[in-house]
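Peer 1: So here's run.txt (compact mmCIF, C-alpha atoms).
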```
# COMPACT_ATOMS: atom_id res chain seq x y z
CA MET D 1 -33.92 15.76 -26.11
CA SER D 2 -37.24 15.74 -24.24
CA LEU D 3 -37.50 16.26 -20.48
CA SER D 4 -38.91 12.75 -20.03
CA LEU D 5 -35.83 11.24 -21.64
CA ILE D 6 -33.57 13.32 -19.39
CA VAL D 7 -35.43 12.24 -16.27
CA GLY D 8 -35.28 8.64 -17.44
CA ALA D 9 -31.51 8.93 -17.77
CA CYS D 10 -31.01 9.93 -14.14
CA SER D 11 -29.68 6.50 -13.22
CA ALA D 12 -27.02 6.85 -15.92
CA LEU D 13 -25.59 10.11 -14.61
CA PRO D 14 -21.81 10.10 -14.19
CA THR D 15 -20.91 9.27 -10.58
CA SER D 16 -17.93 8.07 -8.54
CA GLY D 17 -19.78 5.10 -7.14
CA PRO D 18 -23.05 3.89 -5.64
CA SER D 19 -25.19 6.14 -3.52
CA VAL D 20 -26.47 5.17 -0.08
CA SER D 21 -29.78 4.13 -1.58
CA ASN D 22 -27.99 2.03 -4.22
CA ILE D 23 -26.08 0.14 -1.53
CA LEU D 24 -29.17 -0.40 0.61
CA ASP D 25 -31.19 -1.59 -2.39
CA GLU D 26 -28.45 -4.02 -3.40
CA TYR D 27 -28.24 -5.34 0.16
CA ASP D 28 -32.01 -5.84 0.22
CA ASP D 29 -31.68 -7.85 -3.00
CA VAL D 30 -29.06 -10.04 -1.30
CA GLN D 31 -31.36 -10.65 1.67
CA ASP D 32 -34.38 -11.38 -0.53
CA SER D 33 -32.35 -13.84 -2.55
CA ALA D 34 -31.12 -15.57 0.65
CA ASP D 35 -34.72 -15.81 1.87
CA GLY D 36 -35.83 -17.28 -1.44
CA LEU D 37 -38.09 -14.33 -2.19
CA THR D 38 -36.40 -13.78 -5.54
CA SER D 39 -34.89 -16.16 -8.03
CA THR D 40 -32.17 -13.76 -9.13
CA MET D 41 -28.93 -14.01 -7.17
CA PRO D 42 -26.88 -10.78 -6.99
CA ALA D 43 -23.43 -10.87 -8.56
CA LEU D 44 -21.83 -10.81 -5.09
CA SER D 45 -23.40 -11.47 -1.71
CA PHE D 46 -22.16 -9.20 1.06
CA GLU D 47 -23.03 -8.32 4.63
CA LEU D 48 -23.85 -4.76 5.67
CA VAL D 49 -22.82 -3.85 9.22
CA ASP D 50 -23.69 -0.54 10.86
CA LEU D 51 -20.67 0.62 12.84
CA SER D 52 -21.57 0.68 16.54
CA GLN D 53 -19.79 0.63 19.87
CA ARG D 54 -20.36 -3.12 20.15
CA VAL D 55 -18.90 -3.75 16.70
CA VAL D 56 -15.81 -1.69 17.57
CA GLN D 57 -15.40 -3.54 20.88
CA VAL D 58 -15.61 -6.94 19.17
CA LEU D 59 -12.99 -5.91 16.61
CA GLN D 60 -10.67 -4.50 19.27
CA SER D 61 -10.93 -7.68 21.33
CA GLN D 62 -9.55 -9.83 18.52
CA PRO D 63 -5.99 -10.89 19.34
CA ALA D 64 -3.48 -9.94 16.69
CA ASP D 65 -0.64 -12.22 15.69
CA THR D 66 2.32 -11.22 17.83
CA LEU D 67 5.76 -12.72 18.29
CA GLN D 68 5.39 -12.75 22.06
CA SER D 69 2.03 -14.55 22.02
CA LYS D 70 3.17 -17.17 19.49
CA PHE D 71 6.69 -17.87 20.75
CA GLY D 72 6.66 -16.66 24.34
CA ASP D 73 9.53 -14.94 26.10
CA TYR D 74 12.13 -17.59 25.30
CA ARG D 75 15.27 -17.00 27.31
CA PRO D 76 18.40 -19.00 26.53
CA SER D 77 20.23 -20.99 29.18
CA PRO D 78 23.03 -19.00 30.83
CA ASP D 79 25.33 -21.86 29.79
CA ALA D 80 25.75 -22.51 26.10
CA ARG D 81 24.72 -25.99 25.02
CA ILE D 82 26.45 -27.94 22.32
CA GLY D 83 24.53 -28.79 19.17
CA VAL D 84 25.00 -30.64 15.92
CA GLY D 85 27.41 -28.72 13.68
CA ASP D 86 29.26 -27.00 16.52
CA ALA D 87 33.06 -27.11 16.60
CA VAL D 88 34.43 -28.40 19.91
CA SER D 89 38.01 -28.38 21.24
CA ILE D 90 39.26 -30.52 24.15
CA VAL D 91 42.41 -30.24 26.26
CA ILE D 92 43.30 -32.98 28.77
CA TRP D 93 45.86 -32.91 31.58
CA GLU D 94 47.00 -35.90 33.63
CA ALA D 95 49.20 -36.23 36.70
CA GLY D 96 51.90 -38.35 35.16
CA SER D 97 52.33 -39.72 31.68
CA ASN D 98 49.99 -42.69 31.48
CA LEU D 99 48.03 -41.30 28.52
CA PHE D 100 50.39 -39.06 26.60
CA GLY D 101 53.90 -39.89 27.84
CA GLY D 102 56.94 -38.21 26.24
CA ALA D 103 57.88 -34.64 27.05
CA SER D 104 56.05 -33.32 30.03
CA SER D 105 54.29 -29.97 30.10
CA ALA D 106 52.03 -28.20 32.54
CA ARG D 107 50.90 -25.61 29.99
CA GLY D 108 47.17 -25.44 29.27
CA LEU D 109 44.99 -24.15 26.47
CA VAL D 110 46.13 -20.56 26.86
CA GLY D 111 49.76 -21.41 27.63
CA ALA D 112 49.70 -20.55 31.37
CA ASP D 113 51.26 -22.88 33.97
CA LEU D 114 48.73 -24.85 36.00
CA ALA D 115 48.68 -23.65 39.60
CA GLY D 116 49.97 -26.19 42.08
CA VAL D 117 51.16 -28.68 39.43
CA GLU D 118 54.82 -29.33 38.99
CA PRO D 119 55.87 -29.14 35.29
CA ASN D 120 57.78 -32.40 35.55
CA THR D 121 54.82 -34.40 36.96
CA SER D 122 51.98 -33.44 34.55
CA THR D 123 51.40 -34.03 30.85
CA GLN D 124 48.89 -32.37 28.55
CA GLY D 125 47.28 -33.38 25.31
CA GLN D 126 45.14 -31.28 22.99
CA ILE D 127 42.62 -33.10 20.80
CA PRO D 128 42.09 -31.59 17.34
CA GLU D 129 38.92 -29.59 16.87
CA GLN D 130 35.90 -31.75 16.07
CA ILE D 131 32.60 -30.92 14.37
CA VAL D 132 29.72 -32.52 16.22
CA PRO D 133 28.11 -35.01 13.78
CA ARG D 134 24.44 -35.88 13.46
CA ASP D 135 24.63 -38.69 16.03
CA GLY D 136 25.66 -36.08 18.63
CA ARG D 137 28.80 -37.89 19.83
CA ILE D 138 32.49 -37.02 19.66
CA THR D 139 35.63 -39.13 19.88
CA VAL D 140 37.95 -38.75 22.88
CA PRO D 141 41.10 -40.93 22.88
CA PHE D 142 41.49 -43.44 25.72
CA THR D 143 37.75 -43.47 26.55
CA PRO D 144 35.83 -46.74 26.16
CA SER D 145 33.21 -45.20 23.83
CA ARG D 146 32.32 -41.98 22.02
CA ILE D 147 31.05 -39.22 24.31
CA PRO D 148 27.49 -37.81 23.79
CA VAL D 149 27.60 -34.00 23.75
CA VAL D 150 24.44 -32.65 22.07
CA GLY D 151 22.26 -30.74 24.52
CA ARG D 152 25.01 -30.67 27.14
CA THR D 153 27.01 -27.70 28.38
CA PRO D 154 30.82 -27.75 28.05
CA VAL D 155 31.10 -28.29 31.82
CA GLN D 156 28.83 -31.36 31.62
CA VAL D 157 30.92 -32.78 28.77
CA GLN D 158 34.10 -32.14 30.81
CA GLU D 159 32.65 -34.15 33.70
CA ALA D 160 31.66 -37.00 31.35
CA ILE D 161 35.19 -37.18 29.90
CA ILE D 162 36.80 -37.10 33.35
CA ALA D 163 34.58 -39.97 34.46
CA ALA D 164 35.53 -41.98 31.35
CA LEU D 165 39.28 -41.42 31.97
CA GLN D 166 39.33 -42.21 35.68
CA THR D 167 40.30 -45.85 35.08
CA ARG D 168 43.13 -44.90 32.73
CA THR D 169 45.00 -42.16 34.59
CA ALA D 170 45.15 -40.45 37.96
CA ASP D 171 43.32 -37.17 38.50
CA PRO D 172 42.61 -36.20 34.86
CA GLN D 173 41.65 -32.56 34.20
CA VAL D 174 39.67 -31.52 31.12
CA ILE D 175 38.67 -28.27 29.45
CA VAL D 176 35.99 -28.32 26.72
CA ALA D 177 35.25 -25.24 24.65
CA ILE D 178 32.86 -24.42 21.80
CA THR D 179 35.12 -22.77 19.26
CA ARG D 180 32.49 -22.23 16.55
CA SER D 181 28.72 -22.58 16.87
CA GLY D 182 26.89 -23.95 13.88
CA SER D 183 23.68 -24.86 15.70
CA ASN D 184 23.18 -21.80 17.90
CA ALA D 185 22.75 -19.34 15.03
CA VAL D 186 19.97 -17.43 13.30
CA SER D 187 19.57 -17.01 9.53
CA VAL D 188 18.70 -13.44 8.51
CA VAL D 189 17.59 -12.86 4.91
CA GLY D 190 15.48 -10.50 2.81
CA GLU D 191 15.51 -6.70 2.85
CA VAL D 192 18.55 -6.30 5.09
CA LYS D 193 21.93 -4.68 4.47
CA ALA D 194 23.88 -7.95 4.56
CA GLY D 195 22.01 -11.21 5.03
CA ASP D 196 23.98 -13.71 7.04
CA ARG D 197 23.94 -16.59 9.49
CA VAL D 198 24.36 -14.87 12.86
CA PRO D 199 25.82 -16.84 15.80
CA LEU D 200 24.03 -16.16 19.07
CA SER D 201 26.01 -15.07 22.11
CA VAL D 202 25.89 -16.97 25.39
CA GLN D 203 23.92 -14.25 27.17
CA GLY D 204 21.24 -14.37 24.46
CA ASP D 205 20.33 -12.02 21.62
CA ARG D 206 16.99 -10.41 20.88
CA LEU D 207 15.48 -9.90 17.44
CA LEU D 208 16.70 -6.30 17.08
CA ASP D 209 20.18 -7.37 18.17
CA VAL D 210 20.31 -9.88 15.33
CA LEU D 211 19.06 -7.32 12.80
CA ALA D 212 21.70 -4.86 14.00
CA LYS D 213 24.44 -7.46 13.42
CA VAL D 214 23.55 -7.64 9.70
CA GLY D 215 23.53 -3.86 9.35
CA GLY D 216 19.80 -3.27 9.83
CA VAL D 217 17.04 -3.19 7.22
CA SER D 218 17.43 -1.71 3.75
CA VAL D 219 13.86 -0.38 3.41
CA PRO D 220 11.95 2.31 5.32
CA VAL D 221 11.00 1.10 8.80
CA ASN D 222 7.30 1.86 8.31
CA GLU D 223 7.26 -0.35 5.19
CA ALA D 224 9.19 -3.30 6.63
CA SER D 225 7.68 -6.48 8.05
CA VAL D 226 9.56 -9.19 9.91
CA ILE D 227 8.67 -12.84 9.32
CA LEU D 228 9.98 -15.16 12.04
CA THR D 229 9.97 -18.90 11.40
CA ARG D 230 10.69 -21.21 14.34
CA ASP D 231 10.24 -24.93 13.84
CA THR D 232 6.86 -25.19 12.06
CA THR D 233 5.43 -21.83 13.20
CA THR D 234 5.65 -18.64 11.14
CA VAL D 235 4.47 -15.18 12.25
CA GLU D 236 4.68 -11.86 10.43
CA VAL D 237 4.79 -8.60 12.38
CA PRO D 238 5.48 -5.03 11.17
CA LEU D 239 8.91 -3.81 12.21
CA ALA D 240 7.34 -0.59 13.52
CA ARG D 241 5.36 -2.64 16.06
CA ILE D 242 8.52 -4.38 17.26
CA LEU D 243 10.21 -1.02 17.74
CA ALA D 244 7.20 0.40 19.59
CA ASP D 245 6.54 -2.61 21.84
CA SER D 246 9.53 -4.05 23.72
CA ARG D 247 7.61 -7.29 24.35
CA GLU D 248 7.82 -8.04 20.63
CA ASN D 249 11.61 -7.81 20.71
CA ILE D 250 11.86 -11.45 21.79
CA PHE D 251 14.94 -13.59 22.37
CA MET D 252 16.15 -15.57 19.39
CA ARG D 253 16.73 -19.31 19.40
CA GLY D 254 19.20 -21.34 17.37
CA GLY D 255 17.68 -22.37 14.05
CA ASP D 256 15.34 -19.35 13.79
CA ILE D 257 14.87 -17.84 10.34
CA VAL D 258 14.28 -14.08 10.17
CA THR D 259 13.03 -12.70 6.84
CA VAL D 260 12.55 -8.97 6.30
CA VAL D 261 10.11 -8.05 3.52
CA ARG D 262 8.93 -4.74 2.14
CA ARG D 263 5.21 -4.74 2.79
CA PRO D 264 3.77 -1.22 3.14
CA LYS D 265 0.19 -1.19 4.39
CA ALA D 266 -2.14 0.73 2.10
CA TYR D 267 -5.85 1.32 1.51
CA SER D 268 -7.88 2.55 -1.47
CA ALA D 269 -9.86 5.80 -1.22
CA LEU D 270 -12.78 6.16 -3.62
CA GLY D 271 -15.75 8.44 -4.10
CA ALA D 272 -16.25 11.91 -2.69
CA THR D 273 -12.88 12.29 -0.99
CA GLY D 274 -10.03 14.64 -1.79
CA ALA D 275 -7.91 11.80 -3.19
CA ASN D 276 -8.89 8.71 -5.17
CA TYR D 277 -5.90 6.37 -5.13
CA ASN D 278 -4.00 3.92 -2.93
CA ILE D 279 -2.75 5.58 0.25
CA VAL D 280 0.05 4.17 2.42
CA PHE D 281 -0.64 4.00 6.16
CA GLY D 282 2.67 5.58 7.10
CA GLY D 283 2.79 3.49 10.30
CA ASP D 284 1.64 0.24 11.86
CA THR D 285 -1.86 1.41 12.74
CA LEU D 286 -4.37 3.84 11.23
CA SER D 287 -7.90 4.67 12.34
CA LEU D 288 -10.82 5.23 9.98
CA SER D 289 -10.96 8.93 10.88
CA GLU D 290 -7.22 9.25 10.13
CA ALA D 291 -7.74 7.42 6.83
CA ILE D 292 -10.44 9.90 5.83
CA THR D 293 -8.12 12.77 6.70
CA LYS D 294 -5.22 11.28 4.70
CA ALA D 295 -7.60 10.96 1.74
CA GLY D 296 -8.30 14.69 1.82
CA GLY D 297 -11.44 14.54 3.95
CA LEU D 298 -15.08 14.59 2.87
CA GLN D 299 -15.54 16.98 -0.04
CA ASP D 300 -17.80 20.01 0.60
CA PHE D 301 -20.96 20.18 -1.57
CA ARG D 302 -20.26 16.67 -2.81
CA ALA D 303 -19.83 14.06 -0.06
CA ASP D 304 -22.67 12.47 1.89
CA PRO D 305 -21.53 12.28 5.54
CA GLU D 306 -24.12 9.58 6.11
CA GLY D 307 -22.65 7.55 3.26
CA VAL D 308 -19.18 6.60 4.50
CA PHE D 309 -18.41 2.92 3.91
CA LEU D 310 -15.47 0.65 4.63
CA LEU D 311 -15.19 -2.52 2.51
CA ARG D 312 -13.12 -5.56 3.42
CA TYR D 313 -13.22 -9.35 3.57
CA GLU D 314 -14.02 -10.25 7.17
CA ARG D 315 -13.78 -13.54 9.05
CA ALA D 316 -17.10 -15.39 9.05
CA ASP D 317 -17.11 -15.88 12.84
CA LEU D 318 -16.70 -12.13 13.35
CA VAL D 319 -19.62 -11.38 11.05
CA ARG D 320 -21.75 -13.87 12.99
CA ALA D 321 -20.75 -12.08 16.20
CA PHE D 322 -22.00 -8.79 14.73
CA LYS D 323 -25.15 -10.25 13.17
CA PRO D 324 -26.21 -13.61 14.63
CA ASP D 325 -29.06 -13.84 12.10
CA THR D 326 -26.76 -13.40 9.09
CA LYS D 327 -27.71 -15.35 5.99
CA ILE D 328 -24.35 -14.72 4.32
CA ALA D 329 -21.73 -15.81 6.86
CA THR D 330 -22.82 -19.43 7.14
CA GLY D 331 -19.48 -21.13 6.45
CA ASP D 332 -15.81 -20.54 7.20
CA GLU D 333 -14.90 -18.55 4.09
CA PRO D 334 -14.10 -14.82 4.45
CA VAL D 335 -17.22 -12.72 3.92
CA PRO D 336 -17.37 -9.52 1.82
CA THR D 337 -18.37 -7.00 4.47
CA VAL D 338 -19.43 -3.36 4.21
CA TYR D 339 -19.17 -1.25 7.38
CA ALA D 340 -21.38 1.82 7.31
CA VAL D 341 -20.75 4.86 9.51
CA ASN D 342 -22.67 8.11 9.84
CA MET D 343 -20.11 10.90 10.01
CA ARG D 344 -22.86 13.48 10.42
CA SER D 345 -23.13 12.51 14.11
CA VAL D 346 -20.62 12.99 16.92
CA ALA D 347 -21.01 9.33 17.85
CA GLY D 348 -20.04 8.34 14.33
CA MET D 349 -16.87 10.45 14.54
CA PHE D 350 -15.81 8.76 17.79
CA LEU D 351 -16.55 5.32 16.32
CA ALA D 352 -14.43 6.17 13.28
CA GLN D 353 -11.61 7.21 15.60
CA ASN D 354 -11.65 3.78 17.30
CA PHE D 355 -12.13 1.70 14.15
CA GLU D 356 -8.79 0.34 12.96
CA MET D 357 -7.99 0.12 9.27
CA ARG D 358 -6.38 -2.95 7.72
CA ASP D 359 -4.14 -3.47 4.76
CA LYS D 360 -6.05 -3.42 1.43
CA ASP D 361 -9.23 -1.92 2.92
CA VAL D 362 -11.42 0.15 0.59
CA LEU D 363 -12.77 3.47 1.84
CA PHE D 364 -15.73 4.74 -0.15
CA VAL D 365 -17.67 7.98 0.36
CA SER D 366 -20.86 8.31 -1.65
CA ASN D 367 -22.10 11.49 -3.29
CA ALA D 368 -24.75 13.52 -1.51
CA PRO D 369 -28.26 13.35 -3.07
CA LEU D 370 -28.04 17.09 -3.76
CA THR D 371 -24.98 16.47 -5.91
CA GLU D 372 -26.94 14.08 -8.11
CA MET D 373 -29.74 16.65 -8.38
CA GLN D 374 -27.26 19.33 -9.42
CA LYS D 375 -25.93 17.01 -12.12
CA LEU D 376 -29.47 16.46 -13.37
CA ILE D 377 -30.19 20.21 -13.45
CA GLN D 378 -26.97 20.83 -15.38
CA LEU D 379 -27.92 18.08 -17.81
CA ILE D 380 -31.38 19.61 -18.34
CA GLN D 381 -29.89 23.06 -18.84
CA GLY D 382 -27.36 21.67 -21.29
CA ALA D 383 -30.13 19.96 -23.29
CA ALA D 384 -32.42 23.00 -23.25
CA GLN D 385 -29.71 25.45 -24.32
CA PRO D 386 -29.60 24.36 -28.01
CA VAL D 387 -33.41 24.58 -28.19
CA ALA D 388 -33.40 28.13 -26.86
CA THR D 389 -30.55 29.10 -29.16
CA GLY D 390 -32.39 27.70 -32.17
CA ALA D 391 -35.56 29.59 -31.30
CA GLY D 392 -33.63 32.84 -31.00
CA ILE D 393 -32.05 32.37 -34.41
CA SER D 394 -35.43 31.57 -35.96
CA ASN D 395 -36.98 34.74 -34.52
CA ALA D 396 -34.09 36.81 -35.75
CA PHE D 397 -34.75 35.72 -39.32
CA GLY D 398 -38.49 36.15 -39.06
CA GLY D 399 -39.26 32.49 -38.76
CA ASN D 400 -42.52 31.20 -37.30
```
Could you show the structure in this file as structure tokens?

Peer 2:
Amino acid sequence: MSLSLIVGACSALPTSGPSVSNILDEYDDVQDSADGLTSTMPALSFELVDLSQRVVQVLQSQPADTLQSKFGDYRPSPDARIGVGDAVSIVIWEAGSNLFGGASSARGLVGADLAGVEPNTSTQGQIPEQIVPRDGRITVPFTPSRIPVVGRTPVQVQEAIIAALQTRTADPQVIVAITRSGSNAVSVVGEVKAGDRVPLSVQGDRLLDVLAKVGGVSVPVNEASVILTRDTTTVEVPLARILADSRENIFMRGGDIVTVVRRPKAYSALGATGANYNIVFGGDTLSLSEAITKAGGLQDFRADPEGVFLLRYERADLVRAFKPDTKIATGDEPVPTVYAVNMRSVAGMFLAQNFEMRDKDVLFVSNAPLTEMQKLIQLIQGAAQPVATGAGISNAFGGN
């Protein structure tokens, strides 16, 4: 093989990915194509963003989806309210026997004598348990119409029944109780020990309380995400964030659906790092500098500290905030974005410490130019070795 052929094959040398110059050349091709300077459109248009303090500040200022910001600090009423599907029991006492007649009794719901009421002057009737139907009304004997109960507290329903009975008997007394709550409950499903429909207590239950009632999650905490659906709004938050931030441990509301999924955050490490594979975050957050460390760091005699890149699909409005003159982020579609950071400088190290990784990011570290030169020298030596060996054999046998 001639030296000219070896030099011509430099671009075909084995490598773990593009070099810094390759990336810059490809980006220039994208820009030239967008400006109409060339007729050839690259296979994929992307935006190249140099990591700076301003870029980091813009990224850090973006609000993340949180349970507290989406649903607020909902706090239940101190008095339970009746809803459709709840089971309600009613006990009525009257001074006399206008309603119930027959044997008299002054014994209430729990069997204790009523204070100040003579057993022979008061009668009591217990209405069978009723499930509140969709129209939100229940039937109470001797009242002119069905009593609306949905959205009311038991005390309010008691007052409504007393008012309806005033014309039928003297001094009626009523106790209303919610015996089983079908409306004030939360459905918990997914990666939990025992999925169930969990009734909420009167004092209110927070998200972690509900998870505890079903035995907790069945996957590692740092791999679990909680999806909360309330009405038409759905938000997903890592369980580790809820445990770390008490504001995320919000109060539940009847009808909420809590789904626990196993969703470990991970990124891909490629190029001149100590590990080339998918790496799990191990927590809710991970900085770029921590990601480099988890990948085994930049390899000595191989990595280019000026060629550290982070690849992800970024929101178009964010890209426009970084580069107002962008020719790529012109619509609303996510934009392939390459963040470049120079780890040879102290400033670059601090920027990497404040740059937060995201799930499915790609970390790529290019080879140093010297590494490519070493490969070329080894290739030349490998090609020249057979020639030298052949010449030595020829001389040994007296060849010309």

Peer 1: In terms of the shortest atom-to-atom distance over all atoms listed in the file, which of D:Glu47, D:Asp86, D:Glu356, D:Asp245 is closest to D:Val132?

Peer 2: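 Smallest separation from D:Val132 among the options: D:Asp86.
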
Peer 1: Enclose the full set of atoms of stretch 333-350 of chain D listed in the file within a box whose edges lie along x, y and z, apply 4 Å of padding to each of the six sides, and report centre and edge lengths in Å to one decimal as JSON.

Peer 2:
```
{"center_x": -18.6, "center_y": -2.5, "center_z": 9.8, "size_x": 17.0, "size_y": 40.0, "size_z": 24.0}
```

Peer 1: With a cut-off of 10 Å, could you pull out the residues of stretch 266-358 of chain D touching stretch 223-237 of chain D and give me the nearest pair of atoms for each, distance in Å to one decimal, using all atoms listed in the file, ordered by chain and ascending number, as a Markdown table?

Peer 2:
```
| residue | atom | partner | partner_atom | distance |
| --- | --- | --- | --- | --- |
| D:Ala266 | CA | D:Glu223 | CA | 10.0 |
| D:Val280 | CA | D:Glu223 | CA | 8.9 |
| D:Phe281 | CA | D:Glu223 | CA | 9.1 |
| D:Gly282 | CA | D:Glu223 | CA | 7.7 |
| D:Gly283 | CA | D:Glu223 | CA | 7.8 |
| D:Asp284 | CA | D:Glu223 | CA | 8.7 |
```

Peer 1: Produce a file of the selected residues containing C-alpha atoms, as a short mmCIF file (atom, residue, chain, number, x, y, z; two decimals), in the frame of the given file.

Peer 2:
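File written: selection_37.cif
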```cif
data_model
loop_
_atom_site.label_atom_id
_atom_site.label_comp_id
_atom_site.auth_asym_id
_atom_site.auth_seq_id
_atom_site.Cartn_x
_atom_site.Cartn_y
_atom_site.Cartn_z
CA ALA D 266 -2.14 0.73 2.10
CA VAL D 280 0.05 4.17 2.42
CA PHE D 281 -0.64 4.00 6.16
CA GLY D 282 2.67 5.58 7.10
CA GLY D 283 2.79 3.49 10.30
CA ASP D 284 1.64 0.24 11.86
#
```

Peer 1: Which residues, written as a PyMOL selection string, have at least one atom at most 12 Å from D:Ala352, with only C-alpha atoms counted and residues fewer than 5 positions away on the same chain left out?

Peer 2: chain D and resi 50-53+55-56+286-293+308-310+339-347+357+363

Peer 1: Counting all atoms listed in the file, which residue out of D:Arg152, D:Arg262, D:Arg54, D:Arg75 sits closest to D:Asn354?

Peer 2: D:Arg54

Peer 1: Smallest atom-to-atom distance to D:Ile23: which of D:Gly204, D:Pro336, D:Gly307, D:Gly72, using all atoms listed in the file?

Peer 2: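 Of the candidates, the smallest distance to D:Ile23 is held by D:Gly307.
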
Peer 1: Using all atoms listed in the file, list the residues that have an atom at most 10 Å from (19.2, -15.4, 8.8), coordinates as in the file, as a list of chain:residue names.

Peer 2: D:Ala185, D:Val186, D:Ser187, D:Val188, D:Val189, D:Gly190, D:Val192, D:Ala194, D:Gly195, D:Asp196, D:Arg197, D:Val198, D:Pro199, D:Val210, D:Leu211, D:Val214, D:Leu228, D:Gly255, D:Asp256, D:Ile257, D:Val258, D:Thr259, D:Val260

Peer 1: Would you work out the distance separating atom CA of D:Thr169 from atom CA of D:Ala95, expressed in Å to one decimal?

Peer 2: 7.6 Å

Peer 1: Neighbours of D:Val20 within 8 Å (only C-alpha atoms; same-chain residues fewer than 2 positions away dropped), as number ranges by chain?

Peer 2: D: 18, 22-24, 306-307, 366

Peer 1: Of the candidates D:Gln299, D:Ser21, D:Ser218, D:Ser61, which shows the shortest atom-to-atom distance to D:Phe355, using all atoms listed in the file?

Peer 2: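 Checking each candidate against D:Phe355, we get D:Ser61 as the closest.
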
Peer 1: Using all atoms listed in the file, which residues sit within 12 Å of D:Ala80 once same-chain residues fewer than 2 positions away are excluded, as a ChimeraX atom specification?

Peer 2: /D:75-78,82-83,86,149-157,176-181,183-185,199-204,253-254
